[in-house]
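K.L.:
Data: coords-v6.cif, mmCIF, C-alpha atoms.
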data_my_file
#
loop_
_atom_site.label_atom_id
_atom_site.label_comp_id
_atom_site.auth_asym_id
_atom_site.auth_seq_id
_atom_site.Cartn_x
_atom_site.Cartn_y
_atom_site.Cartn_z
CA THR A 12 30.30 -5.23 6.22
CA PRO A 13 30.55 -3.75 2.66
CA LYS A 14 33.85 -2.29 1.61
CA THR A 15 34.57 1.35 2.39
CA GLU A 16 34.78 2.19 -1.31
CA GLN A 17 31.29 0.82 -1.91
CA ALA A 18 29.87 2.60 1.13
CA ALA A 19 31.35 5.92 0.05
CA ARG A 20 30.06 5.70 -3.48
CA PRO A 21 27.34 8.31 -4.04
CA ARG A 22 23.91 6.94 -4.82
CA PRO A 23 21.98 8.35 -7.79
CA MET A 24 19.01 10.47 -6.89
CA PRO A 25 15.68 9.38 -8.44
CA ARG A 26 14.21 11.63 -11.06
CA ARG A 27 10.90 13.20 -10.20
CA THR A 28 8.56 14.10 -13.01
CA ALA A 29 5.71 16.56 -12.99
CA THR A 30 2.26 15.17 -12.31
CA THR A 31 0.14 15.14 -15.45
CA THR A 32 -3.58 15.17 -15.98
CA ALA A 33 -3.47 11.48 -16.83
CA ASP A 34 -1.84 10.74 -13.47
CA LYS A 35 -4.60 12.64 -11.67
CA SER A 36 -7.46 10.83 -13.38
CA ALA A 37 -5.88 7.38 -13.47
CA GLY A 38 -7.15 6.60 -9.98
CA PHE A 39 -10.60 7.94 -10.78
CA VAL A 40 -11.50 5.61 -13.67
CA PRO A 41 -12.58 2.30 -12.09
CA ASP A 42 -10.41 -0.68 -12.93
CA LEU A 43 -13.01 -3.12 -14.24
CA CYS A 44 -10.38 -5.50 -15.59
CA ARG A 45 -10.19 -7.14 -12.16
CA ILE A 46 -12.47 -10.10 -11.51
CA ARG A 47 -13.23 -8.93 -7.98
CA ALA A 48 -14.39 -5.51 -9.22
CA VAL A 49 -16.66 -7.05 -11.87
CA PHE A 50 -18.08 -9.50 -9.33
CA MET A 51 -18.90 -6.70 -6.90
CA LEU A 52 -20.49 -4.74 -9.75
CA LEU A 53 -22.69 -7.70 -10.68
CA VAL A 54 -23.75 -8.29 -7.08
CA THR A 55 -24.58 -4.61 -6.61
CA SER A 56 -26.59 -4.37 -9.83
CA GLU A 57 -28.47 -7.56 -9.00
CA GLY A 58 -29.32 -6.19 -5.56
CA MET A 59 -30.69 -3.01 -7.11
CA VAL A 60 -32.82 -5.03 -9.54
CA LEU A 61 -34.18 -7.11 -6.67
CA LEU A 62 -35.04 -3.99 -4.68
CA LEU A 63 -36.78 -2.28 -7.61
CA GLU A 64 -38.76 -5.39 -8.49
CA MET A 65 -39.91 -5.80 -4.88
CA LEU A 66 -41.07 -2.18 -4.81
CA SER A 67 -42.93 -2.47 -8.14
CA ALA A 68 -44.55 -5.86 -7.49
CA ARG A 69 -48.34 -5.65 -7.68
CA GLN A 70 -48.99 -8.98 -5.99
CA GLY A 71 -46.89 -10.87 -3.47
CA TRP A 72 -43.31 -10.02 -2.68
CA ILE A 73 -41.97 -10.08 -6.22
CA ASP A 74 -42.91 -10.92 -9.80
CA TRP A 75 -40.32 -13.58 -10.55
CA GLU A 76 -40.89 -13.58 -14.30
CA SER A 77 -40.27 -9.84 -14.50
CA PHE A 78 -37.31 -10.18 -12.15
CA ALA A 79 -35.70 -12.82 -14.40
CA LEU A 80 -36.13 -10.70 -17.55
CA VAL A 81 -34.85 -7.50 -15.95
CA SER A 82 -31.91 -9.35 -14.35
CA PHE A 83 -30.96 -10.86 -17.70
CA PHE A 84 -31.05 -7.42 -19.32
CA VAL A 85 -29.13 -5.67 -16.51
CA GLN A 86 -26.42 -8.33 -16.30
CA TRP A 87 -25.73 -8.17 -20.03
CA VAL A 88 -25.57 -4.38 -19.94
CA THR A 89 -23.31 -4.49 -16.87
CA LEU A 90 -20.92 -7.10 -18.27
CA SER A 91 -20.64 -5.49 -21.70
CA SER A 92 -20.15 -2.02 -20.18
CA ALA A 93 -17.46 -3.36 -17.83
CA ALA A 94 -15.69 -5.00 -20.80
CA LEU A 95 -15.79 -1.73 -22.77
CA ILE A 96 -14.45 0.34 -19.86
CA CYS A 97 -11.75 -2.27 -19.23
CA GLY A 98 -10.65 -2.18 -22.87
CA LEU A 99 -10.75 1.63 -23.06
CA ARG A 100 -9.30 2.35 -19.63
CA GLN A 101 -5.93 3.47 -20.96
CA PRO A 102 -7.32 6.19 -23.29
CA LEU A 103 -9.87 7.15 -20.62
CA THR A 104 -7.10 7.79 -18.10
CA ALA A 105 -5.50 10.17 -20.60
CA LEU A 106 -8.51 12.48 -20.19
CA SER A 107 -9.38 14.82 -17.38
CA VAL A 108 -11.86 13.77 -14.71
CA ALA A 109 -14.72 15.68 -16.38
CA TRP A 110 -14.11 14.36 -19.88
CA SER A 111 -13.53 10.79 -18.73
CA SER A 112 -16.85 10.96 -16.81
CA ILE A 113 -18.68 12.25 -19.90
CA ALA A 114 -17.08 9.54 -22.05
CA ILE A 115 -18.16 6.80 -19.62
CA LEU A 116 -21.72 8.18 -19.48
CA VAL A 117 -21.96 8.27 -23.28
CA LEU A 118 -20.51 4.78 -23.50
CA ILE A 119 -22.93 3.24 -21.00
CA GLY A 120 -25.91 5.21 -22.33
CA SER A 121 -25.27 3.98 -25.87
CA ASN A 122 -24.73 0.43 -24.63
CA THR A 123 -28.01 0.50 -22.68
CA LEU A 124 -29.91 1.80 -25.71
CA LEU A 125 -28.40 -0.89 -27.93
CA PHE A 126 -29.39 -3.73 -25.59
CA SER A 127 -32.87 -2.26 -25.14
CA LEU A 128 -33.38 -2.41 -28.91
CA ILE A 129 -31.87 -5.89 -29.11
CA GLY A 130 -34.22 -7.04 -26.32
CA ASP A 131 -37.30 -5.85 -28.22
CA TRP A 132 -36.03 -7.60 -31.35
CA ILE A 133 -35.38 -10.90 -29.51
CA MET A 134 -38.86 -10.82 -27.95
CA GLY A 135 -40.43 -10.14 -31.34
CA GLN A 136 -41.91 -6.79 -30.33
CA ASP A 137 -41.94 -3.47 -32.08
CA THR A 138 -39.32 -1.01 -30.93
CA ARG A 139 -40.51 0.64 -27.72
CA TRP A 140 -38.62 3.91 -27.76
CA ASN A 141 -40.21 5.17 -24.56
CA LEU A 142 -39.04 2.08 -22.68
CA ALA A 143 -35.61 2.24 -24.30
CA LEU A 144 -35.16 5.90 -23.38
CA ARG A 145 -36.37 5.19 -19.84
CA ASN A 146 -33.72 2.44 -19.54
CA VAL A 147 -31.08 4.88 -20.79
CA VAL A 148 -32.10 7.52 -18.23
CA ILE A 149 -32.08 4.98 -15.39
CA GLY A 150 -28.70 3.67 -16.54
CA LEU A 151 -27.26 7.18 -16.69
CA LEU A 152 -28.55 8.03 -13.22
CA ILE A 153 -27.09 4.88 -11.71
CA THR A 154 -23.80 5.38 -13.58
CA GLY A 155 -23.62 8.96 -12.33
CA LEU A 156 -24.04 7.81 -8.74
CA VAL A 157 -21.39 5.11 -9.18
CA LEU A 158 -18.96 7.57 -10.78
CA ARG A 159 -19.59 10.00 -7.94
CA TYR A 160 -18.73 7.23 -5.48
CA PHE A 161 -15.50 6.41 -7.34
CA TYR A 162 -14.59 10.09 -7.51
CA LEU A 163 -15.09 10.59 -3.77
CA GLN A 164 -13.08 7.42 -3.13
CA PHE A 165 -10.36 8.80 -5.41
CA LEU A 166 -10.26 12.07 -3.45
CA TRP A 167 -10.11 10.14 -0.18
CA LYS A 168 -7.18 8.09 -1.47
CA GLN A 169 -5.39 11.27 -2.55
CA GLU A 170 -5.88 12.80 0.89
CA ARG A 171 -4.73 9.62 2.57
CA GLN A 172 -1.69 9.47 0.32
CA ALA A 173 -0.86 13.08 1.13
CA GLN A 174 -1.00 12.21 4.82
CA MET A 175 1.29 9.23 4.24
CA GLU A 176 3.73 11.44 2.33
CA ALA A 177 3.71 13.93 5.18
CA SER A 178 4.28 11.10 7.64
CA LEU A 179 7.18 9.80 5.55
CA SER A 180 8.71 13.28 5.34
CA ALA A 181 8.47 13.63 9.11
CA LEU A 182 9.99 10.20 9.58
CA GLN A 183 12.83 10.96 7.16
CA ALA A 184 13.64 14.15 9.11
CA ARG A 185 13.47 12.42 12.51
CA ILE A 186 16.50 10.80 14.06
CA HIS A 187 16.73 11.17 17.82
CA PRO A 188 19.18 13.94 18.78
CA HIS A 189 20.64 11.85 21.58
CA PHE A 190 21.41 9.11 19.04
CA LEU A 191 23.38 11.65 16.96
CA PHE A 192 25.25 12.92 20.02
CA ASN A 193 26.06 9.40 21.18
CA ALA A 194 27.26 8.40 17.71
CA MET A 195 29.48 11.48 17.40
CA ASN A 196 30.95 10.90 20.86
CA ALA A 197 31.65 7.27 20.00
CA ILE A 198 33.34 8.32 16.76
CA ALA A 199 35.43 10.92 18.58
CA SER A 200 36.64 8.30 21.08
CA LEU A 201 37.73 6.02 18.21
CA ILE A 202 39.74 8.60 16.25
CA GLY A 203 42.85 8.17 18.38
CA SER A 204 42.63 4.44 19.16
CA ASN A 205 41.09 3.02 15.98
CA PRO A 206 41.05 5.50 13.06
CA ALA A 207 39.90 2.89 10.51
CA ARG A 208 36.82 2.02 12.53
CA ALA A 209 36.14 5.72 13.16
CA GLU A 210 36.24 6.34 9.40
CA GLU A 211 33.86 3.45 8.81
CA ALA A 212 31.51 4.83 11.47
CA VAL A 213 31.50 8.25 9.79
CA LEU A 214 30.56 6.62 6.48
CA SER A 215 27.79 4.66 8.18
CA LEU A 216 26.46 7.82 9.80
CA SER A 217 26.62 9.57 6.40
CA ASP A 218 24.62 6.78 4.73
CA LEU A 219 22.04 6.87 7.48
CA PHE A 220 21.49 10.61 7.24
CA ARG A 221 21.53 10.58 3.45
CA ALA A 222 18.66 8.10 3.48
CA SER A 223 16.86 10.05 6.19
CA LEU A 224 17.07 13.49 4.59
CA SER A 225 16.95 12.72 0.87
CA ARG A 226 13.79 12.45 -1.23
CA GLN A 227 13.46 8.78 -2.03
CA ASP A 228 11.00 6.70 -3.99
CA ARG A 229 7.91 5.41 -2.28
CA LEU A 230 9.30 1.88 -2.65
CA VAL A 231 12.88 0.63 -2.39
CA PRO A 232 14.48 -2.85 -2.59
CA LEU A 233 14.60 -4.73 0.69
CA LYS A 234 18.39 -5.06 0.42
CA ASP A 235 18.72 -1.24 0.51
CA GLU A 236 16.51 -0.95 3.58
CA LEU A 237 18.44 -3.74 5.30
CA LEU A 238 21.73 -2.02 4.44
CA LEU A 239 20.42 1.10 6.15
CA CYS A 240 19.50 -1.00 9.18
CA ARG A 241 23.01 -2.49 9.23
CA ARG A 242 24.52 0.99 9.19
CA TYR A 243 22.30 2.02 12.09
CA LEU A 244 23.13 -1.08 14.15
CA GLU A 245 26.84 -0.64 13.45
CA LEU A 246 26.66 2.83 14.94
CA GLU A 247 24.79 1.60 17.99
CA ALA A 248 27.38 -1.15 18.42
CA LEU A 249 30.02 1.55 18.91
CA ARG A 250 28.50 2.56 22.24
CA LEU A 251 26.87 -0.71 23.30
CA GLY A 252 29.88 -2.89 22.51
CA ASP A 253 29.46 -6.56 23.47
CA ARG A 254 26.01 -5.87 24.87
CA LEU A 255 24.63 -5.82 21.31
CA ASN A 256 24.68 -8.93 19.16
CA VAL A 257 22.83 -9.00 15.83
CA VAL A 258 21.80 -12.22 14.08
CA TRP A 259 20.78 -11.95 10.41
CA ASN A 260 18.81 -14.71 8.69
CA ILE A 261 17.57 -13.24 5.40
CA GLN A 262 16.85 -15.35 2.31
CA SER A 263 18.76 -14.01 -0.71
CA GLU A 264 15.76 -14.43 -3.00
CA ILE A 265 13.86 -11.61 -1.26
CA ASP A 266 16.63 -9.01 -1.69
CA ASN A 267 14.63 -7.25 -4.41
CA GLN A 268 11.33 -7.29 -2.49
CA ALA A 269 9.67 -3.87 -2.60
CA VAL A 270 9.38 -2.17 0.80
CA ALA A 271 8.64 1.33 2.04
CA PRO A 272 11.80 3.34 2.78
CA LEU A 273 12.59 3.78 6.47
CA SER A 274 9.99 1.18 7.41
CA LEU A 275 12.30 -1.27 9.20
CA GLN A 276 14.86 1.15 10.70
CA PRO A 277 12.37 2.58 13.26
CA LEU A 278 11.63 -0.99 14.37
CA MET A 279 15.37 -1.58 14.85
CA GLU A 280 15.52 1.65 16.83
CA ASN A 281 12.73 0.38 19.07
CA ALA A 282 14.61 -2.86 19.61
CA ILE A 283 17.65 -0.86 20.81
CA TYR A 284 16.07 1.86 22.92
CA HIS A 285 13.26 -0.16 24.53
CA GLY A 286 15.12 -3.47 24.69
CA ILE A 287 18.89 -3.87 24.50
CA GLN A 288 19.72 -0.50 26.04
CA GLN A 289 17.51 -1.18 29.07
CA LEU A 290 19.26 -4.48 29.89
CA PRO A 291 22.63 -4.36 31.71
CA GLU A 292 23.69 -7.61 30.03
CA GLY A 293 22.35 -6.59 26.60
CA GLY A 294 21.08 -9.31 24.27
CA ASN A 295 20.52 -10.48 20.72
CA ILE A 296 18.49 -8.81 17.99
CA GLU A 297 17.38 -11.47 15.50
CA ILE A 298 16.22 -10.38 12.04
CA THR A 299 14.58 -13.03 9.87
CA GLY A 300 13.26 -12.72 6.33
CA VAL A 301 11.60 -15.55 4.38
CA ARG A 302 9.28 -15.95 1.43
CA ARG A 303 6.29 -18.24 1.73
CA LYS A 304 4.32 -18.59 -1.49
CA SER A 305 2.86 -15.16 -2.33
CA HIS A 306 4.04 -13.32 0.81
CA VAL A 307 7.28 -12.23 2.43
CA TYR A 308 7.62 -12.38 6.22
CA LEU A 309 10.06 -10.13 8.07
CA THR A 310 10.51 -10.73 11.80
CA ILE A 311 12.47 -8.76 14.40
CA ARG A 312 12.99 -10.26 17.88
CA ASN A 313 14.74 -8.67 20.83
CA PRO A 314 14.76 -9.12 24.63
CA VAL A 315 12.96 -6.58 26.78
CA PRO A 316 13.17 -5.81 30.50
CA PRO A 317 10.39 -7.02 32.80
CA ALA A 318 7.19 -4.97 32.53
CA SER A 319 6.81 -2.34 35.21
CA GLU A 320 4.90 0.81 35.92
CA ASN A 321 7.86 2.89 34.74
CA ALA A 322 7.82 1.20 31.34
CA SER A 323 4.72 3.03 30.10
CA ASP A 324 6.74 5.59 28.12
CA GLY A 325 8.72 2.90 26.35
CA HIS A 326 5.56 0.99 25.56
CA GLN A 327 4.02 4.14 24.11
CA GLY A 328 7.12 4.71 21.98
CA ASN A 329 6.82 1.18 20.63
CA GLN A 330 3.15 1.70 19.82
CA ILE A 331 3.80 4.96 17.92
CA ALA A 332 6.53 3.46 15.73
CA VAL A 333 4.50 0.31 15.06
CA SER A 334 1.32 2.29 14.25
CA ASN A 335 3.13 4.66 11.86
CA THR A 336 4.84 1.80 10.05
CA GLN A 337 1.62 -0.18 9.78
CA ALA A 338 -0.28 2.81 8.34
CA ARG A 339 2.40 3.39 5.70
CA LEU A 340 2.50 -0.25 4.67
CA ARG A 341 -1.30 -0.41 4.39
CA ALA A 342 -1.31 2.76 2.25
CA LEU A 343 1.26 1.30 -0.16
CA PHE A 344 0.30 -2.38 -0.27
CA GLY A 345 -3.35 -2.44 0.82
CA GLU A 346 -4.97 -4.89 3.20
CA THR A 347 -2.52 -7.66 2.28
CA ALA A 348 0.19 -5.88 4.30
CA VAL A 349 0.09 -6.90 7.97
CA LEU A 350 2.17 -5.83 10.96
CA LYS A 351 1.80 -7.69 14.25
CA HIS A 352 3.71 -7.35 17.51
CA SER A 353 3.71 -9.42 20.68
CA ARG A 354 5.60 -9.84 23.94
CA GLN A 355 6.09 -13.27 25.42
CA GLY A 356 8.67 -14.74 27.76
CA GLY A 357 10.76 -11.57 27.84
CA ILE A 358 11.00 -11.45 24.04
CA TYR A 359 9.39 -8.69 21.97
CA THR A 360 8.51 -9.74 18.41
CA VAL A 361 7.45 -7.64 15.44
CA MET A 362 6.29 -9.48 12.31
CA VAL A 363 5.73 -7.73 8.97
CA ARG A 364 3.93 -9.55 6.16
CA LEU A 365 4.13 -8.07 2.65
CA PRO A 366 2.77 -9.31 -0.67
CA TRP A 367 5.55 -10.76 -2.84
CA ARG A 368 6.38 -7.89 -5.17
CA THR A 369 9.78 -7.18 -6.65
CA MET A 370 10.97 -3.77 -7.80
CA SER A 371 10.96 -5.06 -11.39
CA ASP A 372 7.24 -5.83 -11.24
CA ARG A 373 4.90 -3.51 -13.06
CA ALA A 374 2.77 -3.16 -9.95
CA ALA A 375 5.78 -1.99 -7.93
CA ARG A 376 6.64 0.60 -10.56
CA GLN A 377 3.11 1.93 -10.45
CA GLN A 378 3.41 2.25 -6.67
CA GLU A 379 6.59 4.28 -7.11
CA ARG A 380 4.89 6.94 -9.24
#
What does the file become when written as structure tokens?
P.N.:
Amino acid sequence: TPKTEQAARPRPMPRRTATTTADKSAGFVPDLCRIRAVFMLLVTSEGMVLLLEMLSARQGWIDWESFALVSFFVQWVTLSSAALICGLRQPLTALSVAWSSIAILVLIGSNTLLFSLIGDWIMGQDTRWNLALRNVVIGLLITGLVLRYFYLQFLWKQERQAQMEASLSALQARIHPHFLFNAMNAIASLIGSNPARAEEAVLSLSDLFRASLSRQDRLVPLKDELLLCRRYLELEALRLGDRLNVVWNIQSEIDNQAVAPLSLQPLMENAIYHGIQQLPEGGNIEITGVRRKSHVYLTIRNPVPPASENASDGHQGNQIAVSNTQARLRALFGETAVLKHSRQGGIYTVMVRLPWRTMSDRAARQQER
């Protein structure tokens, strides 16, 4: 347990800056510096070429010679445009959504015109301005549709993020009233018999509520979240006594792993209220944290009473906490974040897998904004 002086030390509040226009448009401009994004763009453009060539074929299914020439032209335009947008993404994100869209349209239109003229020159033909302008119009129409898709996706992400923020705010404001009453009663009973432990319990309760009610960053170090869990379990140990035994097995190298605030504490709460508390003899809560290559695995195990018809409410409570935590992790870390839970042999297990990302990483800092 940390020293009382360390526990009582006030924690600095994070500074919150106003959202700028650049922040609003940063998610709108597609990130074409990623190999996966460029690959998907190439596959999509090639599929559109194939479809257009099949529709315009005069004989048979497709004119393969025309398909090869058009594919060569489209792929060069696509790759060069992706490279330009990748290189200019930072200044583009400094613009508003409207101006960044106009800039991208001008950029791709000019690039399409340039390659149309280069194509005529390579093939030894006179400049066909009608064909070049037609290519520009087609390119602008396709670009407009793609930008519209990215813009709608951007709005969807904003709405989803707003929902996650609302969920986090609700979670930060939610600590079961009966837990507060039990903790206060336990503290009151210790004042006369063990004042030092009562003082430590008050500090633990203060830390827990400070984390619950304060406005925190979207990501915090794992060691801070685990400290909050320790404070919570210490308070529960006041009323459960010897019935609660906690086993920690956390690798020190993952202390700075980025996690969502108040993402593990609800899982600890589940382990208490739907597991240890329901067993007359109590049991062990085992918390394990390891890093395996590019992922961090956090596991919580606790005993549970035998399943019965009266356990439906507890099962529902488990499902709500697990679902909320999983949704928040997916919103912050994407599809690489996984939360699984299982019950086997009287043991309930929750496993959280997160991508290895420390708070000093640039990606983690971007998530915090």
K.L.:
Within 12 Å of (-39.7, -1.5, -29.5) (coordinates as in the file), grab all the protein and nucleic acid residues, counting all atoms listed in the file, and write them out as a ChimeraX atom specification.
P.N.:
/A:124-144
K.L.:
Excluding Phe39 of chain A and its own-chain neighbours fewer than 5 positions away, which residues fall within 7 Å of it when counting all atoms listed in the file? Please give them as a list of chain:residue names.
P.N.:
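Answer for this query is A:Phe161, A:Tyr162, A:Phe165.
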K.L.:
Ranking A:Met175, A:Met195, A:Leu201, A:Val49 by minimum distance to Leu90 of chain A and counting all atoms listed in the file, which one comes first?
P.N.:
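Looking at the shortest contact to Leu90 of chain A, the residue is A:Val49.
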K.L.:
Return as JSON, numbers by chain the set of residues that the PyMOL selection byres ((chain A and resi 231-246) around 9) yields on the displayed structure.
P.N.:
{"A": [12, 194, 197, 198, 212, 213, 214, 215, 216, 218, 219, 222, 227, 228, 229, 230, 247, 248, 249, 250, 255, 257, 265, 266, 267, 268, 269, 270, 271, 272, 273, 274, 275, 276, 277, 279, 280, 283, 369, 370, 379]}
K.L.:
Excluding Asn122 of chain A and its own-chain neighbours fewer than 6 positions away, which residues fall within 12 Å of it when counting all atoms listed in the file? Please give them as a list of chain:residue names.
P.N.:
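Skipping anything fewer than 6 positions along the chain leaves A:Phe84, A:Val85, A:Trp87, A:Val88, A:Thr89, A:Leu90, A:Ser91, A:Ser92, A:Ala93, A:Ala94, A:Leu95, A:Ile96, A:Ile115, A:Leu116, A:Leu128, A:Ile129, A:Ala143, A:Leu144, A:Asn146, A:Val147, A:Gly150, A:Leu151.
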K.L.:
What does the distance between atom CA of Ser334 of chain A and atom CA of Trp167 of chain A come to in Å, to one decimal place?
P.N.:
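Atom-to-atom, atom CA of Ser334 of chain A to atom CA of Trp167 of chain A, that is 20.0 Å.
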K.L.:
Just say which residues the PyMOL selection byres ((chain A and resi 103) around 10) picks in this file, as a VMD selection string.
P.N.:
chain A and resid 33 36 to 37 39 to 40 96 to 102 104 to 108 110 to 112 114 to 115
K.L.:
Here is a test: counting all atoms listed in the file, which residue of A:Leu52, A:Asp253, A:Glu211, A:Ser82 is nearest to Ile153 of chain A?
P.N.:
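With all atoms listed in the file as the atom set, the closest residue is A:Leu52.
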K.L.:
I'd like the residues picked by the PyMOL selection byres ((chain A and resi 310) around 10) written out as a JSON list (two decimals) with C-alpha atoms, in the frame of the given file, using the chain letters and numbers from the file.
P.N.:
[["chain", "number", "residue", "atom", "x", "y", "z"],
["A", 260, "ASN", "CA", 18.81, -14.71, 8.69],
["A", 261, "ILE", "CA", 17.57, -13.24, 5.40],
["A", 275, "LEU", "CA", 12.30, -1.27, 9.20],
["A", 297, "GLU", "CA", 17.38, -11.47, 15.50],
["A", 298, "ILE", "CA", 16.22, -10.38, 12.04],
["A", 299, "THR", "CA", 14.58, -13.03, 9.87],
["A", 300, "GLY", "CA", 13.26, -12.72, 6.33],
["A", 301, "VAL", "CA", 11.60, -15.55, 4.38],
["A", 308, "TYR", "CA", 7.62, -12.38, 6.22],
["A", 309, "LEU", "CA", 10.06, -10.13, 8.07],
["A", 311, "ILE", "CA", 12.47, -8.76, 14.40],
["A", 312, "ARG", "CA", 12.99, -10.26, 17.88],
["A", 350, "LEU", "CA", 2.17, -5.83, 10.96],
["A", 351, "LYS", "CA", 1.80, -7.69, 14.25],
["A", 352, "HIS", "CA", 3.71, -7.35, 17.51],
["A", 360, "THR", "CA", 8.51, -9.74, 18.41],
["A", 361, "VAL", "CA", 7.45, -7.64, 15.44],
["A", 362, "MET", "CA", 6.29, -9.48, 12.31],
["A", 363, "VAL", "CA", 5.73, -7.73, 8.97],
["A", 364, "ARG", "CA", 3.93, -9.55, 6.16]]
K.L.:
Distance atom CA of Ser121 of chain A-atom CA of Leu152 of chain A, one decimal place?
P.N.:
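Separating atom CA of Ser121 of chain A from atom CA of Leu152 of chain A is a distance of 13.7 Å.
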K.L.:
Counting all atoms listed in the file, which of A:Glu176, A:Asp74, A:Glu346, A:Glu170 gets nearest to Pro366 of chain A?
P.N.:
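Checking each of A:Glu176, A:Asp74, A:Glu346, A:Glu170 against Pro366 of chain A, counting all atoms listed in the file, the winner is A:Glu346.
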K.L.:
Go through A:Val81, A:Ala109, A:Ala207, A:Ile358 and flag the residue nearest Leu63 of chain A, using only C-alpha atoms for the distances.
P.N.:
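Smallest distance to Leu63 of chain A is found for A:Val81.
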K.L.:
Interatomic distance between atom CA of Gly286 of chain A and atom CA of Trp259 of chain A?
P.N.:
17.5 Å
